[in-house]
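Chemist: File upload.cif below, mmCIF, C-alpha atoms:
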```cif
data_run
#
loop_
_atom_site.group_PDB
_atom_site.id
_atom_site.type_symbol
_atom_site.label_atom_id
_atom_site.label_comp_id
_atom_site.auth_asym_id
_atom_site.auth_seq_id
_atom_site.Cartn_x
_atom_site.Cartn_y
_atom_site.Cartn_z
ATOM 1 C CA MET J 1 0.000 0.000 0.000
ATOM 2 C CA SER J 2 1.542 3.273 -1.075
ATOM 3 C CA TYR J 3 0.225 6.773 -0.763
ATOM 4 C CA LYS J 4 1.047 9.227 -3.546
ATOM 5 C CA MET J 5 1.324 12.891 -2.645
ATOM 6 C CA ASN J 6 -0.091 15.429 -5.032
ATOM 7 C CA THR J 7 1.890 18.427 -6.203
ATOM 8 C CA GLU J 8 0.199 20.873 -3.861
ATOM 9 C CA GLN J 9 1.006 18.724 -0.855
ATOM 10 C CA GLU J 10 4.618 18.327 -1.965
ATOM 11 C CA ASN J 11 4.969 22.075 -2.455
ATOM 12 C CA MET J 12 3.461 22.866 0.935
ATOM 13 C CA LEU J 13 5.774 20.370 2.600
ATOM 14 C CA ARG J 14 8.817 21.758 0.881
ATOM 15 C CA ASN J 15 7.895 25.327 1.844
ATOM 16 C CA ILE J 16 7.363 24.294 5.459
ATOM 17 C CA GLY J 17 10.790 22.651 5.336
ATOM 18 C CA ILE J 18 12.353 25.871 4.067
ATOM 19 C CA VAL J 19 10.730 28.109 6.674
ATOM 20 C CA ASP J 20 11.518 25.588 9.423
ATOM 21 C CA PHE J 21 15.140 25.650 8.289
ATOM 22 C CA VAL J 22 15.206 29.468 8.560
ATOM 23 C CA THR J 23 13.897 29.337 12.141
ATOM 24 C CA ILE J 24 16.537 26.744 13.086
ATOM 25 C CA GLU J 25 19.296 28.878 11.557
ATOM 26 C CA MET J 26 18.054 31.908 13.493
ATOM 27 C CA THR J 27 17.864 29.860 16.687
ATOM 28 C CA GLU J 28 21.491 28.856 16.312
ATOM 29 C CA TYR J 29 22.523 32.454 15.661
ATOM 30 C CA LEU J 30 20.540 33.672 18.677
ATOM 31 C CA ASP J 31 22.160 31.044 20.914
ATOM 32 C CA THR J 32 25.400 32.994 20.582
ATOM 33 C CA HIS J 33 23.844 36.452 20.046
ATOM 34 C CA PRO J 34 20.974 36.541 22.576
ATOM 35 C CA PHE J 35 20.647 40.326 22.510
ATOM 36 C CA ASP J 36 20.401 40.787 18.744
ATOM 37 C CA ARG J 37 17.003 42.438 18.286
ATOM 38 C CA GLU J 38 17.054 42.200 14.506
ATOM 39 C CA ALA J 39 17.661 38.454 14.640
ATOM 40 C CA MET J 40 14.808 38.108 17.147
ATOM 41 C CA GLU J 41 12.508 39.943 14.731
ATOM 42 C CA TYR J 42 13.561 37.621 11.926
ATOM 43 C CA PHE J 43 12.931 34.639 14.200
ATOM 44 C CA ASN J 44 9.464 35.846 15.236
ATOM 45 C CA HIS J 45 8.524 36.598 11.650
ATOM 46 C CA TYR J 46 9.469 33.172 10.318
ATOM 47 C CA MET J 47 8.132 31.312 13.344
ATOM 48 C CA ARG J 48 4.716 32.910 12.851
ATOM 49 C CA MET J 49 4.896 32.058 9.156
ATOM 50 C CA LYS J 50 5.793 28.452 9.938
ATOM 51 C CA ASN J 51 2.951 28.079 12.453
ATOM 52 C CA GLN J 52 0.470 29.397 9.913
ATOM 53 C CA MET J 53 1.788 27.056 7.212
ATOM 54 C CA MET J 54 1.693 24.069 9.596
ATOM 55 C CA HIS J 55 -1.907 24.959 10.420
ATOM 56 C CA ASP J 56 -2.881 25.320 6.755
ATOM 57 C CA TYR J 57 -1.223 22.009 5.958
ATOM 58 C CA ALA J 58 -2.992 20.255 8.847
ATOM 59 C CA VAL J 59 -6.388 21.446 7.623
ATOM 60 C CA LYS J 60 -5.764 20.055 4.142
ATOM 61 C CA PHE J 61 -3.635 16.967 4.660
ATOM 62 C CA GLY J 62 -3.523 16.204 8.380
ATOM 63 C CA PRO J 63 -1.233 17.314 11.210
ATOM 64 C CA LEU J 64 2.564 17.172 10.835
ATOM 65 C CA SER J 65 3.077 17.519 14.579
ATOM 66 C CA LEU J 66 0.941 16.971 17.641
ATOM 67 C CA SER J 67 0.934 20.703 18.346
ATOM 68 C CA VAL J 68 -1.297 21.216 15.306
ATOM 69 C CA ALA J 69 -3.355 18.057 15.785
ATOM 70 C CA ASP J 70 -6.930 19.283 15.975
ATOM 71 C CA THR J 71 -9.113 17.483 18.501
ATOM 72 C CA CYS J 72 -12.227 19.435 17.586
ATOM 73 C CA GLY J 73 -13.011 17.230 14.593
ATOM 74 C CA LYS J 74 -14.938 14.002 14.789
ATOM 75 C CA GLU J 75 -11.865 11.847 14.196
ATOM 76 C CA TRP J 76 -8.221 11.635 15.358
ATOM 77 C CA LYS J 77 -6.525 12.529 12.077
ATOM 78 C CA TRP J 78 -3.051 11.893 13.475
ATOM 79 C CA ALA J 79 -3.736 8.158 13.323
ATOM 80 C CA LEU J 80 -5.561 8.188 9.997
ATOM 81 C CA GLN J 81 -2.776 9.650 7.835
ATOM 82 C CA PRO J 82 -0.504 7.397 5.802
ATOM 83 C CA MET J 83 2.587 6.328 7.743
ATOM 84 C CA PRO J 84 6.009 7.510 6.548
ATOM 85 C CA TRP J 85 6.726 4.058 5.084
ATOM 86 C CA GLU J 86 3.437 4.253 3.221
ATOM 87 C CA GLY J 87 4.489 7.434 1.423
ATOM 88 C CA GLY J 88 3.272 9.892 4.070
ATOM 89 C CA CYS J 89 5.688 12.304 5.664
ATOM 90 C CA MET B 1 28.996 38.019 26.238
ATOM 91 C CA GLN B 2 32.136 39.732 25.084
ATOM 92 C CA ASP B 3 32.388 40.682 21.445
ATOM 93 C CA TYR B 4 35.944 40.102 20.338
ATOM 94 C CA ASN B 5 37.392 41.881 17.373
ATOM 95 C CA PHE B 6 39.804 39.424 15.864
ATOM 96 C CA ASN B 7 42.085 41.958 14.173
ATOM 97 C CA GLU B 8 42.320 44.252 17.163
ATOM 98 C CA TYR B 9 43.693 41.635 19.543
ATOM 99 C CA PHE B 10 45.504 39.486 17.056
ATOM 100 C CA ASP B 11 48.983 40.118 18.480
ATOM 101 C CA ARG B 12 47.809 39.220 21.993
ATOM 102 C CA PHE B 13 46.426 35.827 21.029
ATOM 103 C CA PRO B 14 48.583 32.857 22.121
ATOM 104 C CA LEU B 15 50.103 30.832 19.336
ATOM 105 C CA ALA B 16 48.960 27.325 18.372
ATOM 106 C CA MET B 17 45.334 27.954 19.361
ATOM 107 C CA ALA B 18 42.386 28.058 16.958
ATOM 108 C CA TYR B 19 40.104 31.117 16.885
ATOM 109 C CA VAL B 20 36.717 31.693 15.316
ATOM 110 C CA PRO B 21 35.895 35.279 14.320
ATOM 111 C CA TRP B 22 32.585 36.596 15.682
ATOM 112 C CA GLN B 23 29.652 36.576 13.284
ATOM 113 C CA HIS B 24 27.630 39.753 12.822
ATOM 114 C CA LEU B 25 24.166 39.672 11.309
ATOM 115 C CA THR B 26 24.300 41.597 8.065
ATOM 116 C CA GLN B 27 21.694 40.038 5.805
ATOM 117 C CA ILE B 28 20.014 36.762 5.031
ATOM 118 C CA TYR B 29 19.401 35.307 1.590
ATOM 119 C CA GLU B 30 16.400 36.852 -0.137
ATOM 120 C CA ASP B 31 15.962 33.615 -2.050
ATOM 121 C CA LEU B 32 15.200 31.181 0.775
ATOM 122 C CA ASP B 33 14.942 28.296 -1.657
ATOM 123 C CA LYS B 34 18.588 28.909 -2.528
ATOM 124 C CA ALA B 35 19.468 29.194 1.182
ATOM 125 C CA TYR B 36 17.792 25.830 1.828
ATOM 126 C CA CYS B 37 19.853 24.168 -0.898
ATOM 127 C CA THR B 38 23.050 25.929 0.174
ATOM 128 C CA GLY B 39 22.617 24.883 3.809
ATOM 129 C CA THR B 40 22.698 28.332 5.427
ATOM 130 C CA ILE B 41 20.596 31.490 5.398
ATOM 131 C CA PHE B 42 23.726 33.605 5.891
ATOM 132 C CA PRO B 43 25.546 34.471 2.639
ATOM 133 C CA GLU B 44 28.806 35.028 4.534
ATOM 134 C CA LEU B 45 28.716 31.430 5.795
ATOM 135 C CA THR B 46 28.351 29.884 2.372
ATOM 136 C CA LYS B 47 31.442 27.704 2.093
ATOM 137 C CA PRO B 48 31.169 25.283 -0.772
ATOM 138 C CA PHE B 49 33.777 22.727 0.257
ATOM 139 C CA THR B 50 34.600 20.611 -2.725
ATOM 140 C CA GLY B 51 36.056 17.666 -0.837
ATOM 141 C CA ARG B 52 39.135 17.595 -3.049
ATOM 142 C CA ARG B 53 42.691 17.300 -1.850
ATOM 143 C CA CYS B 54 44.874 20.333 -1.760
ATOM 144 C CA VAL B 55 46.980 20.706 -4.862
ATOM 145 C CA GLN B 56 50.497 21.950 -4.324
#
```
Please express the file's structure as structure tokens.

Modeler:
Amino acid sequence: MSYKMNTEQENMLRNIGIVDFVTIEMTEYLDTHPFDREAMEYFNHYMRMKNQMMHDYAVKFGPLSLSVADTCGKEWKWALQPMPWEGGC
Amino acid sequence: MQDYNFNEYFDRFPLAMAYVPWQHLTQIYEDLDKAYCTGTIFPELTKPFTGRRCVQ
């Protein structure tokens, strides 16, 4: 059994990966420059962007992390998505 | 956290030690797709090591 991602899902995943990477880079910079206000602004900007993208992705394709797993729906989508070895992410 | 200026104190640094100059935030890549592929968002940290031996 193999799940095939569509192009939109692949694009959203890739973009989340990119923005996540930017937040990690900024985190590492801030670890050694904890008073750099500009870097903190960059971090906040991209972290907000990432959260929004994770939310948008979860609505369409299911949650990527438990922090965006929605329990308001009638089903636990976390368990209903394809597993990584089934072509999910 | 002290901000060392490498050039300023160069003559006071003991020999045979390794030193890393302090990074200052100047800019990040506008093209984040490129940054993702390069492996850093900081243009000044882009170091494309080729993995080849030094040629004398």

Chemist: Using only C-alpha atoms, find each residue of chain B with at least one atom at most 7 Å away from an atom of chain J; report its shortest atom-to-atom pair and that distance in Å (one decimal), sort the rows by chain and rising residue number, and return the result as JSON lines.

Modeler:
```
{"residue": "B:Leu32", "atom": "CA", "partner": "J:Ile18", "partner_atom": "CA", "distance": 6.9}
{"residue": "B:Asp33", "atom": "CA", "partner": "J:Ile18", "partner_atom": "CA", "distance": 6.7}
{"residue": "B:Tyr36", "atom": "CA", "partner": "J:Ile18", "partner_atom": "CA", "distance": 5.9}
{"residue": "B:Ile41", "atom": "CA", "partner": "J:Val22", "partner_atom": "CA", "distance": 6.6}
```

Chemist: I'd like the residues picked by the PyMOL selection byres ((chain B and resi 44) around 12) written out as number ranges by chain, using the chain letters and numbers from the file.

Modeler: B: 22-29, 35, 38-43, 45-48

Chemist: Please compute the atom CA of Trp78 of chain J-atom CA of Met54 of chain J distance, one decimal, in Å.

Modeler: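 Atom CA of Met54 of chain J lies at a distance of 13.6 Å from atom CA of Trp78 of chain J.
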
Chemist: Please write the residues picked by the PyMOL selection byres ((chain J and resi 3-12) around 8) on this file as an NGL selection string.

Modeler: :J and (1-2 or 13-16 or 53 or 57 or 61 or 82 or 86-88)

Chemist: Any idea what the distance is between atom CA of Asn44 of chain J and atom CA of Pro21 of chain B?

Modeler: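 Atom-to-atom, atom CA of Asn44 of chain J to atom CA of Pro21 of chain B, that is 26.5 Å.
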
Chemist: I'd like the interatomic distance between atom CA of Tyr9 of chain B and atom CA of Glu28 of chain J, to a tenth of an Å.

Modeler: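 Spanning atom CA of Tyr9 of chain B to atom CA of Glu28 of chain J is a straight-line distance of 25.8 Å.
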
Chemist: When distances are computed from only C-alpha atoms, which of J:Cys72, J:Leu64, J:Gln81, J:Phe43 shows the smallest separation from Asp31 of chain J?

Modeler: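 With only C-alpha atoms as the atom set, the closest residue is J:Phe43.
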
Chemist: Using 5 Å of padding on each side, determine the axis-aligned box around all atoms of segment 67-75 of chain J present in the file and give its centre and edge lengths in Å to one decimal, as AutoDock Vina command-line options.

Modeler:
```
--center_x -7.0 --center_y 16.5 --center_z 16.3 --size_x 25.9 --size_y 19.4 --size_z 14.3
```

Chemist: Using all atoms listed in the file, which of the listed residues (J:Gly73, J:Ala79, J:Pro84, J:Val68) sits closest to Gln52 of chain J?

Modeler: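 That would be J:Val68, the residue with the smallest distance to Gln52 of chain J.
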
Chemist: Would you fill the gaps in segment 47-82 of chain J so it has N, CA and C atoms, then print it as a CSV table (one decimal), in the frame of the given file?

Modeler:
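In the end it all went to result35.csv:
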```
chain,number,residue,atom,x,y,z
J,47,MET,N,8.8,32.3,12.5
J,47,MET,CA,8.1,31.3,13.3
J,47,MET,C,6.6,31.5,13.2
J,48,ARG,N,6.1,32.7,13.1
J,48,ARG,CA,4.7,32.9,12.9
J,48,ARG,C,4.3,32.3,11.5
J,49,MET,N,5.2,32.6,10.5
J,49,MET,CA,4.9,32.1,9.2
J,49,MET,C,4.8,30.5,9.2
J,50,LYS,N,5.8,29.9,9.9
J,50,LYS,CA,5.8,28.5,9.9
J,50,LYS,C,4.5,27.9,10.6
J,51,ASN,N,4.1,28.5,11.7
J,51,ASN,CA,3.0,28.1,12.5
J,51,ASN,C,1.7,28.1,11.6
J,52,GLN,N,1.6,29.2,10.8
J,52,GLN,CA,0.5,29.4,9.9
J,52,GLN,C,0.5,28.3,8.8
J,53,MET,N,1.7,28.1,8.3
J,53,MET,CA,1.8,27.1,7.2
J,53,MET,C,1.5,25.6,7.8
J,54,MET,N,2.0,25.4,9.0
J,54,MET,CA,1.7,24.1,9.6
J,54,MET,C,0.2,23.9,9.8
J,55,HIS,N,-0.5,25.0,10.2
J,55,HIS,CA,-1.9,25.0,10.4
J,55,HIS,C,-2.6,24.7,9.1
J,56,ASP,N,-2.2,25.5,8.1
J,56,ASP,CA,-2.9,25.3,6.8
J,56,ASP,C,-2.7,23.9,6.2
J,57,TYR,N,-1.5,23.4,6.4
J,57,TYR,CA,-1.2,22.0,6.0
J,57,TYR,C,-2.1,21.0,6.7
J,58,ALA,N,-2.2,21.2,8.0
J,58,ALA,CA,-3.0,20.3,8.8
J,58,ALA,C,-4.5,20.2,8.4
J,59,VAL,N,-5.0,21.4,8.1
J,59,VAL,CA,-6.4,21.4,7.6
J,59,VAL,C,-6.6,20.6,6.3
J,60,LYS,N,-5.6,20.7,5.4
J,60,LYS,CA,-5.8,20.1,4.1
J,60,LYS,C,-5.3,18.6,4.2
J,61,PHE,N,-4.2,18.3,4.8
J,61,PHE,CA,-3.6,17.0,4.7
J,61,PHE,C,-3.4,16.2,6.0
J,62,GLY,N,-3.7,16.9,7.1
J,62,GLY,CA,-3.5,16.2,8.4
J,62,GLY,C,-2.3,16.8,9.1
J,63,PRO,N,-2.3,16.7,10.4
J,63,PRO,CA,-1.2,17.3,11.2
J,63,PRO,C,0.2,16.7,11.0
J,64,LEU,N,1.2,17.6,10.9
J,64,LEU,CA,2.6,17.2,10.8
J,64,LEU,C,3.2,17.0,12.2
J,65,SER,N,2.6,17.7,13.2
J,65,SER,CA,3.1,17.5,14.6
J,65,SER,C,1.9,17.5,15.5
J,66,LEU,N,2.1,17.0,16.7
J,66,LEU,CA,0.9,17.0,17.6
J,66,LEU,C,0.5,18.4,18.1
J,67,SER,N,1.3,19.4,17.9
J,67,SER,CA,0.9,20.7,18.3
J,67,SER,C,-0.1,21.3,17.4
J,68,VAL,N,-0.2,20.7,16.2
J,68,VAL,CA,-1.3,21.2,15.3
J,68,VAL,C,-2.4,20.1,15.1
J,69,ALA,N,-2.3,19.1,15.9
J,69,ALA,CA,-3.4,18.1,15.8
J,69,ALA,C,-4.7,18.6,16.4
J,70,ASP,N,-5.7,18.7,15.6
J,70,ASP,CA,-6.9,19.3,16.0
J,70,ASP,C,-7.8,18.2,16.6
J,71,THR,N,-8.2,18.5,17.8
J,71,THR,CA,-9.1,17.5,18.5
J,71,THR,C,-10.6,17.9,18.4
J,72,CYS,N,-10.8,19.0,17.7
J,72,CYS,CA,-12.2,19.4,17.6
J,72,CYS,C,-13.0,18.6,16.6
J,73,GLY,N,-12.3,18.0,15.6
J,73,GLY,CA,-13.0,17.2,14.6
J,73,GLY,C,-13.6,16.0,15.2
J,74,LYS,N,-14.3,15.2,14.3
J,74,LYS,CA,-14.9,14.0,14.8
J,74,LYS,C,-14.0,12.8,14.8
J,75,GLU,N,-12.8,13.0,14.3
J,75,GLU,CA,-11.9,11.8,14.2
J,75,GLU,C,-10.5,12.3,14.6
J,76,TRP,N,-9.6,11.4,15.0
J,76,TRP,CA,-8.2,11.6,15.4
J,76,TRP,C,-7.4,11.5,14.1
J,77,LYS,N,-7.2,12.6,13.4
J,77,LYS,CA,-6.5,12.5,12.1
J,77,LYS,C,-5.1,12.1,12.1
J,78,TRP,N,-4.5,12.3,13.3
J,78,TRP,CA,-3.1,11.9,13.5
J,78,TRP,C,-2.9,10.4,13.1
J,79,ALA,N,-3.9,9.6,13.5
J,79,ALA,CA,-3.7,8.2,13.3
J,79,ALA,C,-4.2,7.7,12.0
J,80,LEU,N,-4.9,8.6,11.3
J,80,LEU,CA,-5.6,8.2,10.0
J,80,LEU,C,-4.7,8.5,8.8
J,81,GLN,N,-3.6,9.3,9.0
J,81,GLN,CA,-2.8,9.6,7.8
J,81,GLN,C,-1.9,8.4,7.4
J,82,PRO,N,-1.4,8.5,6.2
J,82,PRO,CA,-0.5,7.4,5.8
J,82,PRO,C,0.8,7.5,6.6
```
